[in-house]
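S.K.: Next up is a structure, given as structure tokens.
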Amino acid sequence: MDATQQDATARARELQRSWYGEPLGALFRRLIDDLGLNQARLAAVLGLSAPMLSQLMSGQRAKIGNPAVVQRVQALQELSSQAADGRVSAAEAAERMEEIKKSAGGSVLNSTQTTASTGAPTVRRVVREIQSLLRSVAAAGDIIDAADSLAPTHPELAEFLRVYGAGRTAEAVAHYEAYQS
């Protein structure tokens with residue numbers, strides 16, 4: 001890949017971060033992992049062609065042009081969170097994915113599916129919101145650089161930046177739960 005292509009890809013990923021909270025490659029990989037999908041199945045559920053999904057993931061394209069697809073992505077993000085938390089079985093997730101696939105983009109999730117039974121957001125949801133906010137402000141490398149700068153005088157804050165700004169969601173959930181005890 002030449003420098004011009006690299007610049008275009010970097011720009012597309014930054015636009016994705018501003019529009020969707022993170023680059024679509026990371027978002028789609030998380031959906032694939034949490035929901036046990038492959039790229040072809042994810043593309044089918046979203047209503048995208050496999051090549052379009054690949055272009056979005058790689059940063060060759062920046063934007064999802066169809067608002068209904070964006071709404072399906074949002075519905076899958078919520079379902080993914082529920083599946084990762086164990087609140088939804090694999091069979092139930094598969095059933096809901098079919099509903100999402102058939103939807104014209106309107107919400108197919110009811111209010112009890114967006115929060116824990118208490119009505120409060122789940123830990124995983126809170127952690128993902130923190131990660132999304134940090135990642136919308138700076139790239140992972142910049143967050144790590146900031147953490148390194150803070151480490152000598154503010155080690156706890158540096159750890160927070162590393163875990164939530166550049167770490168995996170599972171690590172951040174464990175960190176969050178450790179501080180809640």
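If you're wondering about the labels, chains in the structure tokens are A, B, ... by order shown, residues count from 1 in each chain, ligands from 1 in order shown.
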For Ala147 (chain A), list every protein, DNA or RNA residue within 12 Å, evaluated using only C-alpha atoms, and leave out those in the same chain fewer than 6 positions away; present the list as number ranges by chain.
M.R.: A: 140-141, 153-166
S.K.: Go ahead and write the selection's residues with C-alpha atoms as a compact mmCIF listing (two decimals), in the first residue's frame.
M.R.:
# COMPACT_ATOMS: atom_id res chain seq x y z
CA ALA A 140 -4.88 4.06 20.86
CA GLY A 141 -1.24 5.00 20.26
CA THR A 153 3.21 10.99 38.74
CA HIS A 154 -0.29 9.53 38.27
CA PRO A 155 0.00 5.74 37.88
CA GLU A 156 -3.69 5.02 38.50
CA LEU A 157 -4.78 7.46 35.84
CA ALA A 158 -2.19 6.04 33.45
CA GLU A 159 -3.55 2.54 34.09
CA PHE A 160 -7.09 3.78 33.44
CA LEU A 161 -6.05 5.26 30.09
CA ARG A 162 -4.22 2.10 29.05
CA VAL A 163 -7.02 -0.27 30.07
CA TYR A 164 -10.00 1.69 28.73
CA GLY A 165 -8.32 3.59 25.91
CA ALA A 166 -6.32 0.81 24.32
S.K.: May I have the residues within 8 Å of Ser136 (chain A) as an MDAnalysis selection string, using only C-alpha atoms and disregarding those fewer than 3 positions away in the same chain?
M.R.: chainID A and resid 17:18 21:22 132:133 139
S.K.: Using only C-alpha atoms, which residue out of A:Ala8, A:Val137, A:Leu150, A:Ile130 lies closest to Arg61 (chain A)?
M.R.: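 Result for the nearest residue to Arg61 (chain A): A:Ala8.
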S.K.: Run DSSP on the backbone and grab whatever in chain A lands in alpha helix (DSSP H); send it over as number ranges by chain.
M.R.: A: 3-20, 24-35, 39-46, 50-58, 67-85, 90-102, 123-137, 140-150, 155-166, 169-180
S.K.: Using only C-alpha atoms, which of A:Ala83, A:Leu24, A:Leu31, A:Ala68 sits nearest Leu53 (chain A)?
M.R.: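 Using only C-alpha atoms, the shortest distance to Leu53 (chain A) belongs to A:Leu24.
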S.K.: At what distance in Å, to one decimal, does CA of Glu129 (chain A) lie from CA of Ser49 (chain A)?
M.R.: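 Distance reported for this atom pair: 28.6 Å.
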